[in-house]
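Colleague: Just passing along the structure, written as structure tokens.
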Amino acid sequence: MRRVQIASILGIVAVVALVIASCTPTASTRFTVSLENVSTAPAQATELLDVTPRILVDGQDITSPLSPAVWVVHTGANPLFTSGQAASDALEALAEDGDPSLLVPALQTAAGVKSVGAVNTPEGSSAAGPIGPGGRYQFSFNAVAGDRLSVATMFVQSNDLFYAPGANGIQLFGESGPVLGDVTSQLQLWDAGTEVNQRPGVGEDQAPRQAGPNTGAAEGGTVRLVNDAYTYPDTADQIELSVLSAGAS
Ligand SMILES: [Ca+2]
Ligand SMILES: [Ca+2]
């Protein structure tokens, strides 16, 4: 009797396993993702920067662009950085100057990386550049079950801050298939630890005021969630990352 029961249980388990296997997407899926600057104009203007629209950063009414972004499809941990460790020179270039060009080749040879790219031309524009409030980048890639997405874009008018997910990246597949919709909640504002923070929107060593790339006091720190004397907008008030579509490639 006991043997029959065990056999019966195993039979059920085997059937369940088959069902799961048949539902698990093994073919490549084509994802299209939107990265939008959703900052909006607050009620009060300021004399600091007479441009619109704006967002409140540290109580000041400033524009808050986002830089060209790097995206990477990977297995395992987010290959852009490790919290608590020093940033790579390539990440420093993105975080301080909004320059993604070093990260792409650096990531191509990193462990667990499936594909990588940069997006620098806003939708509706023919010229490369950052996205101001209301601006949007869009990019596409192929992925298979188990793959994750990590993205990084500079929070401009800072010394070395950037939005990215944490160590896990963004899971592209759930139990029922590809993930769709808003995944912004998985992004956080990080400090690269490479340049000493000045007041956002004011510091003379911040883009776009700095004299040139890689200008500013060296920090010699590690990558960590921003935690300084200033206040920053809620992530969801600044950036929106959404999976627009995911289908057969
Ligand atoms: Ca810093
Ligand atoms: Ca700088």
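The chains in the structure tokens are called A, B, ... from first to last as shown; in each chain the residues are counted from 1, and the ligands are counted from 1 in the order shown.
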Using backbone DSSP assignments, extract all helix (DSSP H, G or I) residues from stretch 46-219 of chain A; output them as a PyMOL selection string.

Modeller: chain A and resi 89-97+103-108+184-186

Colleague: Those residues with N, CA and C atoms, as a tab-separated table (two decimals), in the first residue's frame please?

Modeller:
```tsv
chain	number	residue	atom	x	y	z
A	89	ASP	N	36.24	52.19	-14.08
A	89	ASP	CA	36.43	53.45	-14.81
A	89	ASP	C	35.29	53.67	-15.79
A	90	ALA	N	34.77	52.57	-16.34
A	90	ALA	CA	33.69	52.68	-17.32
A	90	ALA	C	32.40	53.17	-16.67
A	91	LEU	N	32.10	52.66	-15.48
A	91	LEU	CA	30.91	53.14	-14.77
A	91	LEU	C	31.11	54.58	-14.33
A	92	GLU	N	32.33	54.93	-13.94
A	92	GLU	CA	32.63	56.31	-13.54
A	92	GLU	C	32.31	57.28	-14.68
A	93	ALA	N	32.66	56.90	-15.91
A	93	ALA	CA	32.40	57.79	-17.05
A	93	ALA	C	30.91	58.01	-17.25
A	94	LEU	N	30.12	56.98	-17.03
A	94	LEU	CA	28.66	57.15	-17.14
A	94	LEU	C	28.13	57.99	-15.99
A	95	ALA	N	28.57	57.69	-14.77
A	95	ALA	CA	28.01	58.33	-13.58
A	95	ALA	C	28.41	59.80	-13.47
A	96	GLU	N	29.62	60.13	-13.94
A	96	GLU	CA	30.09	61.52	-13.80
A	96	GLU	C	29.79	62.37	-15.02
A	97	ASP	N	29.82	61.75	-16.19
A	97	ASP	CA	29.75	62.53	-17.42
A	97	ASP	C	28.65	62.07	-18.38
A	103	LEU	N	31.38	51.66	-21.11
A	103	LEU	CA	30.72	50.53	-20.47
A	103	LEU	C	30.38	49.42	-21.46
A	104	VAL	N	30.04	49.80	-22.68
A	104	VAL	CA	29.61	48.78	-23.64
A	104	VAL	C	30.72	47.75	-23.91
A	105	PRO	N	31.92	48.18	-24.32
A	105	PRO	CA	32.97	47.18	-24.54
A	105	PRO	C	33.40	46.48	-23.25
A	106	ALA	N	33.36	47.20	-22.13
A	106	ALA	CA	33.77	46.57	-20.86
A	106	ALA	C	32.82	45.43	-20.48
A	107	LEU	N	31.53	45.64	-20.74
A	107	LEU	CA	30.55	44.62	-20.36
A	107	LEU	C	30.52	43.45	-21.32
A	108	GLN	N	30.95	43.68	-22.56
A	108	GLN	CA	30.87	42.61	-23.56
A	108	GLN	C	31.68	41.39	-23.16
A	184	THR	N	9.85	50.22	-12.85
A	184	THR	CA	10.61	51.32	-12.23
A	184	THR	C	10.93	51.06	-10.76
A	185	SER	N	10.04	50.35	-10.08
A	185	SER	CA	10.24	50.13	-8.64
A	185	SER	C	11.52	49.37	-8.35
A	186	GLN	N	12.13	48.77	-9.39
A	186	GLN	CA	13.37	48.03	-9.18
A	186	GLN	C	14.61	48.90	-9.40
```

Colleague: Within 7 Å of ligand 2, which residues show up when you count only C-alpha atoms and all ligand atoms? List them as a tab-separated table (two decimals) with N, CA and C atoms, in the first residue's frame, please.

Modeller:
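Result file part01.tsv:
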```
chain	number	residue	atom	x	y	z
A	96	GLU	N	29.62	60.13	-13.94
A	96	GLU	CA	30.09	61.52	-13.80
A	96	GLU	C	29.79	62.37	-15.02
A	97	ASP	N	29.82	61.75	-16.19
A	97	ASP	CA	29.75	62.53	-17.42
A	97	ASP	C	28.65	62.07	-18.38
A	159	ASN	N	27.17	64.95	-9.36
A	159	ASN	CA	28.59	64.67	-9.62
A	159	ASN	C	28.81	63.25	-10.12
A	195	GLU	N	33.30	60.76	-7.20
A	195	GLU	CA	33.48	62.22	-7.14
A	195	GLU	C	32.66	62.76	-5.98
A	205	ASP	N	31.23	71.46	-10.54
A	205	ASP	CA	31.88	70.30	-11.17
A	205	ASP	C	30.87	69.29	-11.71
A	206	GLN	N	29.61	69.68	-11.78
A	206	GLN	CA	28.57	68.80	-12.31
A	206	GLN	C	28.28	69.14	-13.78
A	207	ALA	N	27.98	68.11	-14.57
A	207	ALA	CA	27.44	68.37	-15.90
A	207	ALA	C	26.08	69.04	-15.72
A	210	GLN	N	30.35	71.70	-15.55
A	210	GLN	CA	31.77	71.39	-15.32
A	210	GLN	C	32.64	71.77	-16.52
A	213	PRO	N	34.92	66.69	-19.00
A	213	PRO	CA	34.68	65.38	-18.39
A	213	PRO	C	35.70	65.07	-17.29
A	214	ASN	N	35.28	64.28	-16.34
A	214	ASN	CA	36.15	63.82	-15.25
A	214	ASN	C	36.74	64.99	-14.47
A	215	THR	N	35.91	65.99	-14.22
A	215	THR	CA	36.33	67.16	-13.45
A	215	THR	C	35.61	67.15	-12.11
A	216	GLY	N	36.38	67.30	-11.04
A	216	GLY	CA	35.78	67.33	-9.71
A	216	GLY	C	36.68	66.62	-8.71
```

Colleague: Using only C-alpha atoms, which residue out of A:Thr222, A:Thr29, A:Ser242, A:Gln138 lies closest to A:Leu180?

Modeller: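 Closest to A:Leu180 of all the choices is A:Ser242.
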
Colleague: Let me see if you get this right: every residue at most 8 Å from ligand 1, counting only C-alpha atoms and all ligand atoms, written as a PyMOL selection string.

Modeller: chain A and resi 159-161+191-197+219+221+226

Colleague: Selection from above, C-alpha atoms, as a tab-separated table (two decimals), in the first residue's frame, can you write it?

Modeller:
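The file below, again-v7.tsv, is the result:
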```
chain	number	residue	atom	x	y	z
A	159	ASN	CA	28.59	64.67	-9.62
A	160	ASP	CA	28.35	60.89	-9.92
A	161	LEU	CA	24.79	59.67	-9.33
A	191	ASP	CA	26.34	57.14	-5.81
A	192	ALA	CA	29.33	55.84	-7.79
A	193	GLY	CA	31.71	56.93	-5.01
A	194	THR	CA	34.09	58.47	-7.53
A	195	GLU	CA	33.48	62.22	-7.14
A	196	VAL	CA	32.58	64.24	-4.05
A	197	ASN	CA	28.93	65.31	-4.17
A	219	GLU	CA	35.98	60.67	-3.69
A	221	GLY	CA	34.65	55.63	-2.24
A	226	VAL	CA	22.99	57.88	-2.38
```

Colleague: Show me, as a ChimeraX atom specification, the residues that have an atom within 8 Å of A:Val38 when counting only C-alpha atoms, minus same-chain residues fewer than 2 positions from it.

Modeller: /A:36,40,133-135,236-240

Colleague: Find the spatial neighbours of A:Gly181, counting only C-alpha atoms, within a cut-off of 7 Å - ignore same-chain residues fewer than 2 positions away - and output them as a PyMOL selection string.

Modeller: chain A and resi 179+183+242-244

Colleague: Which residues of stretch 105-212 of chain A sit at most 6 Å from stretch 60-79 of chain A, using only C-alpha atoms? Give each one's shortest atom pair and distance in Å (one decimal place), in chain and ascending residue order, as a tab-separated table.

Modeller:
```
residue	atom	partner	partner_atom	distance
A:Gly112	CA	A:Thr75	CA	5.0
A:Val113	CA	A:His74	CA	4.4
A:Lys114	CA	A:His74	CA	5.2
A:Ser115	CA	A:Val73	CA	5.2
A:Val116	CA	A:Val72	CA	4.2
A:Gly117	CA	A:Trp71	CA	5.5
A:Ala118	CA	A:Val70	CA	4.4
A:Val119	CA	A:Ala69	CA	5.4
A:Asn120	CA	A:Pro68	CA	4.3
A:Pro130	CA	A:Ser67	CA	4.4
A:Ile131	CA	A:Leu66	CA	5.3
A:Gly132	CA	A:Pro65	CA	4.4
A:Asp147	CA	A:Thr75	CA	5.2
A:Arg148	CA	A:His74	CA	5.2
A:Leu149	CA	A:Val73	CA	4.6
A:Ser150	CA	A:Val72	CA	5.3
A:Val151	CA	A:Trp71	CA	4.4
A:Ala152	CA	A:Val70	CA	5.4
A:Thr153	CA	A:Ala69	CA	4.5
A:Met154	CA	A:Ser67	CA	5.0
A:Phe155	CA	A:Leu66	CA	5.3
A:Val156	CA	A:Pro65	CA	5.4
A:Ala167	CA	A:Asn78	CA	4.9
A:Asn168	CA	A:Ala77	CA	5.3
A:Gly169	CA	A:Asn78	CA	5.1
```

Colleague: Of the candidates A:Ser140, A:Asn227, A:Ser176, A:Gln171, which one gets nearest to A:Val33 if we count only C-alpha atoms?

Modeller: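 Ranking A:Ser140, A:Asn227, A:Ser176, A:Gln171 by distance to A:Val33, first place goes to A:Ser140.
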
Colleague: Could you pull out the strand (DSSP E or B) residues of stretch 6-247 of chain A, going by DSSP on the backbone, and write them as an mmCIF file with N, CA and C atoms, in the first residue's frame?

Modeller:
```cif
data_model
loop_
_atom_site.group_PDB
_atom_site.id
_atom_site.type_symbol
_atom_site.label_atom_id
_atom_site.label_comp_id
_atom_site.auth_asym_id
_atom_site.auth_seq_id
_atom_site.Cartn_x
_atom_site.Cartn_y
_atom_site.Cartn_z
ATOM 1 N N THR A 29 12.871 35.502 -26.759
ATOM 2 C CA THR A 29 11.787 36.488 -26.741
ATOM 3 C C THR A 29 12.364 37.859 -27.043
ATOM 4 N N ARG A 30 11.669 38.611 -27.877
ATOM 5 C CA ARG A 30 12.094 39.958 -28.228
ATOM 6 C C ARG A 30 11.419 40.960 -27.293
ATOM 7 N N PHE A 31 12.236 41.683 -26.538
ATOM 8 C CA PHE A 31 11.725 42.688 -25.600
ATOM 9 C C PHE A 31 11.965 44.088 -26.165
ATOM 10 N N THR A 32 11.004 44.982 -25.957
ATOM 11 C CA THR A 32 11.200 46.401 -26.234
ATOM 12 C C THR A 32 10.911 47.173 -24.952
ATOM 13 N N VAL A 33 11.878 48.020 -24.579
ATOM 14 C CA VAL A 33 11.831 48.699 -23.274
ATOM 15 C C VAL A 33 11.907 50.212 -23.480
ATOM 16 N N SER A 34 11.138 50.935 -22.684
ATOM 17 C CA SER A 34 11.132 52.389 -22.704
ATOM 18 C C SER A 34 11.748 52.929 -21.422
ATOM 19 N N LEU A 35 12.629 53.912 -21.566
ATOM 20 C CA LEU A 35 13.213 54.614 -20.417
ATOM 21 C C LEU A 35 12.850 56.083 -20.577
ATOM 22 N N GLU A 36 11.988 56.582 -19.699
ATOM 23 C CA GLU A 36 11.437 57.928 -19.857
ATOM 24 C C GLU A 36 11.788 58.822 -18.672
ATOM 25 N N ASN A 37 12.059 60.087 -18.974
ATOM 26 C CA ASN A 37 12.235 61.095 -17.932
ATOM 27 C C ASN A 37 10.848 61.650 -17.621
ATOM 28 N N ILE A 55 12.176 70.133 -11.983
ATOM 29 C CA ILE A 55 11.799 69.245 -10.892
ATOM 30 C C ILE A 55 12.509 69.742 -9.638
ATOM 31 N N LEU A 56 11.895 69.528 -8.499
ATOM 32 C CA LEU A 56 12.523 69.938 -7.249
ATOM 33 C C LEU A 56 13.605 68.932 -6.865
ATOM 34 N N VAL A 57 14.829 69.420 -6.746
ATOM 35 C CA VAL A 57 15.939 68.607 -6.262
ATOM 36 C C VAL A 57 16.590 69.361 -5.114
ATOM 37 N N GLN A 60 15.437 72.798 -4.590
ATOM 38 C CA GLN A 60 15.643 73.762 -5.667
ATOM 39 C C GLN A 60 14.896 73.293 -6.909
ATOM 40 N N ASP A 61 14.492 74.266 -7.681
ATOM 41 C CA ASP A 61 13.649 74.042 -8.842
ATOM 42 C C ASP A 61 14.539 74.006 -10.084
ATOM 43 N N ILE A 62 14.951 72.834 -10.505
ATOM 44 C CA ILE A 62 15.929 72.724 -11.588
ATOM 45 C C ILE A 62 15.462 71.711 -12.623
ATOM 46 N N LEU A 66 18.281 63.073 -17.867
ATOM 47 C CA LEU A 66 18.902 61.749 -17.724
ATOM 48 C C LEU A 66 19.806 61.537 -18.921
ATOM 49 N N SER A 67 20.940 60.899 -18.679
ATOM 50 C CA SER A 67 21.949 60.739 -19.733
ATOM 51 C C SER A 67 21.624 59.548 -20.622
ATOM 52 N N PRO A 68 22.319 59.452 -21.780
ATOM 53 C CA PRO A 68 22.283 58.193 -22.528
ATOM 54 C C PRO A 68 22.516 57.017 -21.584
ATOM 55 N N ALA A 69 21.877 55.894 -21.902
ATOM 56 C CA ALA A 69 21.841 54.764 -20.973
ATOM 57 C C ALA A 69 22.566 53.558 -21.539
ATOM 58 N N VAL A 70 23.020 52.716 -20.647
ATOM 59 C CA VAL A 70 23.564 51.404 -21.008
ATOM 60 C C VAL A 70 22.583 50.339 -20.546
ATOM 61 N N TRP A 71 22.315 49.363 -21.397
ATOM 62 C CA TRP A 71 21.499 48.223 -20.984
ATOM 63 C C TRP A 71 22.303 46.939 -21.182
ATOM 64 N N VAL A 72 22.070 45.968 -20.350
ATOM 65 C CA VAL A 72 22.802 44.701 -20.439
ATOM 66 C C VAL A 72 21.883 43.555 -20.025
ATOM 67 N N VAL A 73 21.848 42.534 -20.845
ATOM 68 C CA VAL A 73 21.098 41.309 -20.533
ATOM 69 C C VAL A 73 22.092 40.301 -19.972
ATOM 70 N N HIS A 74 21.764 39.731 -18.829
ATOM 71 C CA HIS A 74 22.749 38.894 -18.145
ATOM 72 C C HIS A 74 22.088 37.784 -17.354
ATOM 73 N N VAL A 113 27.288 37.908 -19.227
ATOM 74 C CA VAL A 113 26.637 38.885 -20.096
ATOM 75 C C VAL A 113 26.207 38.222 -21.408
ATOM 76 N N LYS A 114 24.931 38.385 -21.751
ATOM 77 C CA LYS A 114 24.392 37.818 -22.991
ATOM 78 C C LYS A 114 24.438 38.847 -24.124
ATOM 79 N N SER A 115 24.057 40.080 -23.826
ATOM 80 C CA SER A 115 24.109 41.144 -24.825
ATOM 81 C C SER A 115 24.140 42.480 -24.104
ATOM 82 N N VAL A 116 24.647 43.491 -24.796
ATOM 83 C CA VAL A 116 24.800 44.809 -24.172
ATOM 84 C C VAL A 116 24.689 45.870 -25.255
ATOM 85 N N GLY A 117 24.198 47.035 -24.873
ATOM 86 C CA GLY A 117 24.099 48.133 -25.823
ATOM 87 C C GLY A 117 23.937 49.451 -25.105
ATOM 88 N N ALA A 118 24.070 50.536 -25.874
ATOM 89 C CA ALA A 118 23.824 51.874 -25.346
ATOM 90 C C ALA A 118 22.732 52.513 -26.182
ATOM 91 N N VAL A 119 21.956 53.364 -25.574
ATOM 92 C CA VAL A 119 20.942 54.120 -26.303
ATOM 93 C C VAL A 119 21.159 55.589 -25.982
ATOM 94 N N ILE A 131 17.964 63.026 -22.191
ATOM 95 C CA ILE A 131 16.518 63.255 -22.254
ATOM 96 C C ILE A 131 16.118 64.181 -21.109
ATOM 97 N N ARG A 136 12.293 60.450 -23.949
ATOM 98 C CA ARG A 136 12.235 58.998 -23.799
ATOM 99 C C ARG A 136 13.258 58.323 -24.711
ATOM 100 N N TYR A 137 13.924 57.306 -24.173
ATOM 101 C CA TYR A 137 14.739 56.396 -24.982
ATOM 102 C C TYR A 137 13.964 55.078 -25.139
ATOM 103 N N GLN A 138 14.285 54.352 -26.195
ATOM 104 C CA GLN A 138 13.679 53.030 -26.386
ATOM 105 C C GLN A 138 14.729 52.091 -26.946
ATOM 106 N N PHE A 139 14.734 50.841 -26.473
ATOM 107 C CA PHE A 139 15.707 49.871 -26.970
ATOM 108 C C PHE A 139 15.097 48.478 -26.941
ATOM 109 N N SER A 140 15.671 47.579 -27.753
ATOM 110 C CA SER A 140 15.154 46.214 -27.878
ATOM 111 C C SER A 140 16.286 45.209 -27.796
ATOM 112 N N PHE A 141 15.952 44.014 -27.352
ATOM 113 C CA PHE A 141 16.951 42.943 -27.232
ATOM 114 C C PHE A 141 16.218 41.611 -27.158
ATOM 115 N N ASN A 142 16.969 40.537 -27.380
ATOM 116 C CA ASN A 142 16.428 39.189 -27.229
ATOM 117 C C ASN A 142 16.876 38.612 -25.894
ATOM 118 N N ALA A 143 16.020 37.787 -25.294
ATOM 119 C CA ALA A 143 16.363 37.148 -24.028
ATOM 120 C C ALA A 143 15.643 35.814 -23.928
ATOM 121 N N ARG A 148 18.217 38.297 -17.133
ATOM 122 C CA ARG A 148 17.845 39.507 -16.390
ATOM 123 C C ARG A 148 18.335 40.728 -17.151
ATOM 124 N N LEU A 149 17.757 41.868 -16.822
ATOM 125 C CA LEU A 149 18.124 43.133 -17.464
ATOM 126 C C LEU A 149 18.664 44.088 -16.407
ATOM 127 N N SER A 150 19.789 44.720 -16.710
ATOM 128 C CA SER A 150 20.249 45.836 -15.894
ATOM 129 C C SER A 150 20.438 47.045 -16.803
ATOM 130 N N VAL A 151 20.173 48.211 -16.255
ATOM 131 C CA VAL A 151 20.216 49.479 -16.992
ATOM 132 C C VAL A 151 20.882 50.507 -16.097
ATOM 133 N N ALA A 152 21.616 51.435 -16.702
ATOM 134 C CA ALA A 152 22.171 52.546 -15.921
ATOM 135 C C ALA A 152 22.062 53.828 -16.733
ATOM 136 N N THR A 153 21.631 54.910 -16.075
ATOM 137 C CA THR A 153 21.573 56.238 -16.689
ATOM 138 C C THR A 153 21.948 57.265 -15.637
ATOM 139 N N MET A 154 22.728 58.265 -16.061
ATOM 140 C CA MET A 154 23.182 59.275 -15.096
ATOM 141 C C MET A 154 22.062 60.225 -14.703
ATOM 142 N N PHE A 155 21.975 60.508 -13.431
ATOM 143 C CA PHE A 155 21.136 61.587 -12.917
ATOM 144 C C PHE A 155 21.929 62.874 -13.111
ATOM 145 N N LEU A 161 25.963 60.464 -9.706
ATOM 146 C CA LEU A 161 24.786 59.671 -9.330
ATOM 147 C C LEU A 161 24.151 59.052 -10.566
ATOM 148 N N PHE A 162 23.595 57.868 -10.396
ATOM 149 C CA PHE A 162 22.977 57.182 -11.538
ATOM 150 C C PHE A 162 21.856 56.271 -11.045
ATOM 151 N N TYR A 163 20.902 56.055 -11.929
ATOM 152 C CA TYR A 163 19.819 55.107 -11.648
ATOM 153 C C TYR A 163 20.187 53.743 -12.216
ATOM 154 N N ALA A 164 19.948 52.713 -11.426
ATOM 155 C CA ALA A 164 20.199 51.340 -11.857
ATOM 156 C C ALA A 164 19.476 50.405 -10.888
ATOM 157 N N PRO A 165 19.270 49.161 -11.290
ATOM 158 C CA PRO A 165 18.763 48.185 -10.321
ATOM 159 C C PRO A 165 19.892 47.706 -9.419
ATOM 160 N N ILE A 170 16.898 43.153 -13.142
ATOM 161 C CA ILE A 170 15.440 43.088 -13.302
ATOM 162 C C ILE A 170 15.095 41.759 -13.962
ATOM 163 N N GLN A 171 14.297 40.984 -13.287
ATOM 164 C CA GLN A 171 13.895 39.675 -13.813
ATOM 165 C C GLN A 171 13.020 39.883 -15.043
ATOM 166 N N PHE A 173 11.551 37.325 -16.819
ATOM 167 C CA PHE A 173 10.525 36.278 -16.952
ATOM 168 C C PHE A 173 9.982 35.929 -15.577
ATOM 169 N N GLY A 174 8.661 35.885 -15.488
ATOM 170 C CA GLY A 174 8.012 35.399 -14.284
ATOM 171 C C GLY A 174 7.515 33.979 -14.506
ATOM 172 N N GLY A 177 5.569 33.736 -17.737
ATOM 173 C CA GLY A 177 6.188 34.153 -18.990
ATOM 174 C C GLY A 177 6.875 35.494 -18.871
ATOM 175 N N PRO A 178 7.092 36.174 -20.006
ATOM 176 C CA PRO A 178 7.830 37.439 -19.994
ATOM 177 C C PRO A 178 7.140 38.497 -19.134
ATOM 178 N N GLY A 181 5.275 45.710 -18.650
ATOM 179 C CA GLY A 181 4.812 46.858 -17.877
ATOM 180 C C GLY A 181 5.909 47.539 -17.079
ATOM 181 N N ASP A 182 5.476 48.312 -16.106
ATOM 182 C CA ASP A 182 6.337 49.215 -15.354
ATOM 183 C C ASP A 182 7.229 48.448 -14.365
ATOM 184 N N LEU A 187 14.407 50.175 -9.742
ATOM 185 C CA LEU A 187 15.532 51.102 -9.903
ATOM 186 C C LEU A 187 15.746 51.885 -8.615
ATOM 187 N N GLN A 188 17.013 52.228 -8.384
ATOM 188 C CA GLN A 188 17.367 53.052 -7.229
ATOM 189 C C GLN A 188 18.416 54.074 -7.666
ATOM 190 N N LEU A 189 18.580 55.116 -6.865
ATOM 191 C CA LEU A 189 19.579 56.157 -7.164
ATOM 192 C C LEU A 189 20.867 55.838 -6.410
ATOM 193 N N TRP A 190 21.928 55.574 -7.189
ATOM 194 C CA TRP A 190 23.218 55.142 -6.631
ATOM 195 C C TRP A 190 24.239 56.267 -6.722
ATOM 196 N N ASP A 191 25.182 56.257 -5.803
ATOM 197 C CA ASP A 191 26.344 57.141 -5.810
ATOM 198 C C ASP A 191 27.543 56.283 -6.201
ATOM 199 N N GLU A 195 33.304 60.761 -7.197
ATOM 200 C CA GLU A 195 33.479 62.217 -7.143
ATOM 201 C C GLU A 195 32.656 62.759 -5.977
ATOM 202 N N ALA A 218 38.126 63.981 -6.360
ATOM 203 C CA ALA A 218 38.029 62.521 -6.281
ATOM 204 C C ALA A 218 37.487 62.109 -4.914
ATOM 205 N N ARG A 224 27.290 52.896 -3.734
ATOM 206 C CA ARG A 224 26.300 52.722 -2.657
ATOM 207 C C ARG A 224 25.070 53.543 -2.993
ATOM 208 N N LEU A 225 23.979 53.259 -2.326
ATOM 209 C CA LEU A 225 22.792 54.087 -2.494
ATOM 210 C C LEU A 225 23.113 55.490 -2.009
ATOM 211 N N ILE A 239 12.025 59.009 -13.192
ATOM 212 C CA ILE A 239 12.297 58.060 -14.272
ATOM 213 C C ILE A 239 11.222 56.975 -14.298
ATOM 214 N N GLU A 240 10.903 56.531 -15.509
ATOM 215 C CA GLU A 240 9.988 55.386 -15.642
ATOM 216 C C GLU A 240 10.596 54.396 -16.623
ATOM 217 N N LEU A 241 10.775 53.172 -16.161
ATOM 218 C CA LEU A 241 11.306 52.096 -17.001
ATOM 219 C C LEU A 241 10.199 51.077 -17.214
ATOM 220 N N SER A 242 9.832 50.841 -18.478
ATOM 221 C CA SER A 242 8.701 49.951 -18.765
ATOM 222 C C SER A 242 9.043 48.997 -19.901
ATOM 223 N N VAL A 243 8.627 47.751 -19.729
ATOM 224 C CA VAL A 243 8.703 46.775 -20.811
ATOM 225 C C VAL A 243 7.459 46.969 -21.671
ATOM 226 N N LEU A 244 7.653 47.502 -22.889
ATOM 227 C CA LEU A 244 6.512 47.825 -23.750
ATOM 228 C C LEU A 244 5.948 46.589 -24.418
ATOM 229 N N SER A 245 6.811 45.672 -24.820
ATOM 230 C CA SER A 245 6.352 44.458 -25.498
ATOM 231 C C SER A 245 7.348 43.350 -25.318
ATOM 232 N N ALA A 246 6.853 42.126 -25.395
ATOM 233 C CA ALA A 246 7.707 40.935 -25.303
ATOM 234 C C ALA A 246 7.016 39.839 -26.073
ATOM 235 N N GLY A 247 7.628 39.424 -27.185
ATOM 236 C CA GLY A 247 6.991 38.420 -28.022
ATOM 237 C C GLY A 247 8.022 37.603 -28.770
#
```

Colleague: Kindly give the distance, in Å, that separates atom CA of A:Leu102 and atom CA of A:Glu123, rounded to a single decimal.

Modeller: 22.8 Å

Colleague: State, in Å with one decimal place, the distance from atom CA of A:Ser158 to atom CA of A:Thr231.

Modeller: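 Distance between the two atoms: 11.7 Å.
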
Colleague: Select, from A:Ser126, A:Gln85, A:Ser28, A:Gln157, the residue with the minimum atom-to-atom distance to A:Leu172, counting only C-alpha atoms.

Modeller: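 The shortest atom-to-atom distance to A:Leu172 comes from A:Ser28.
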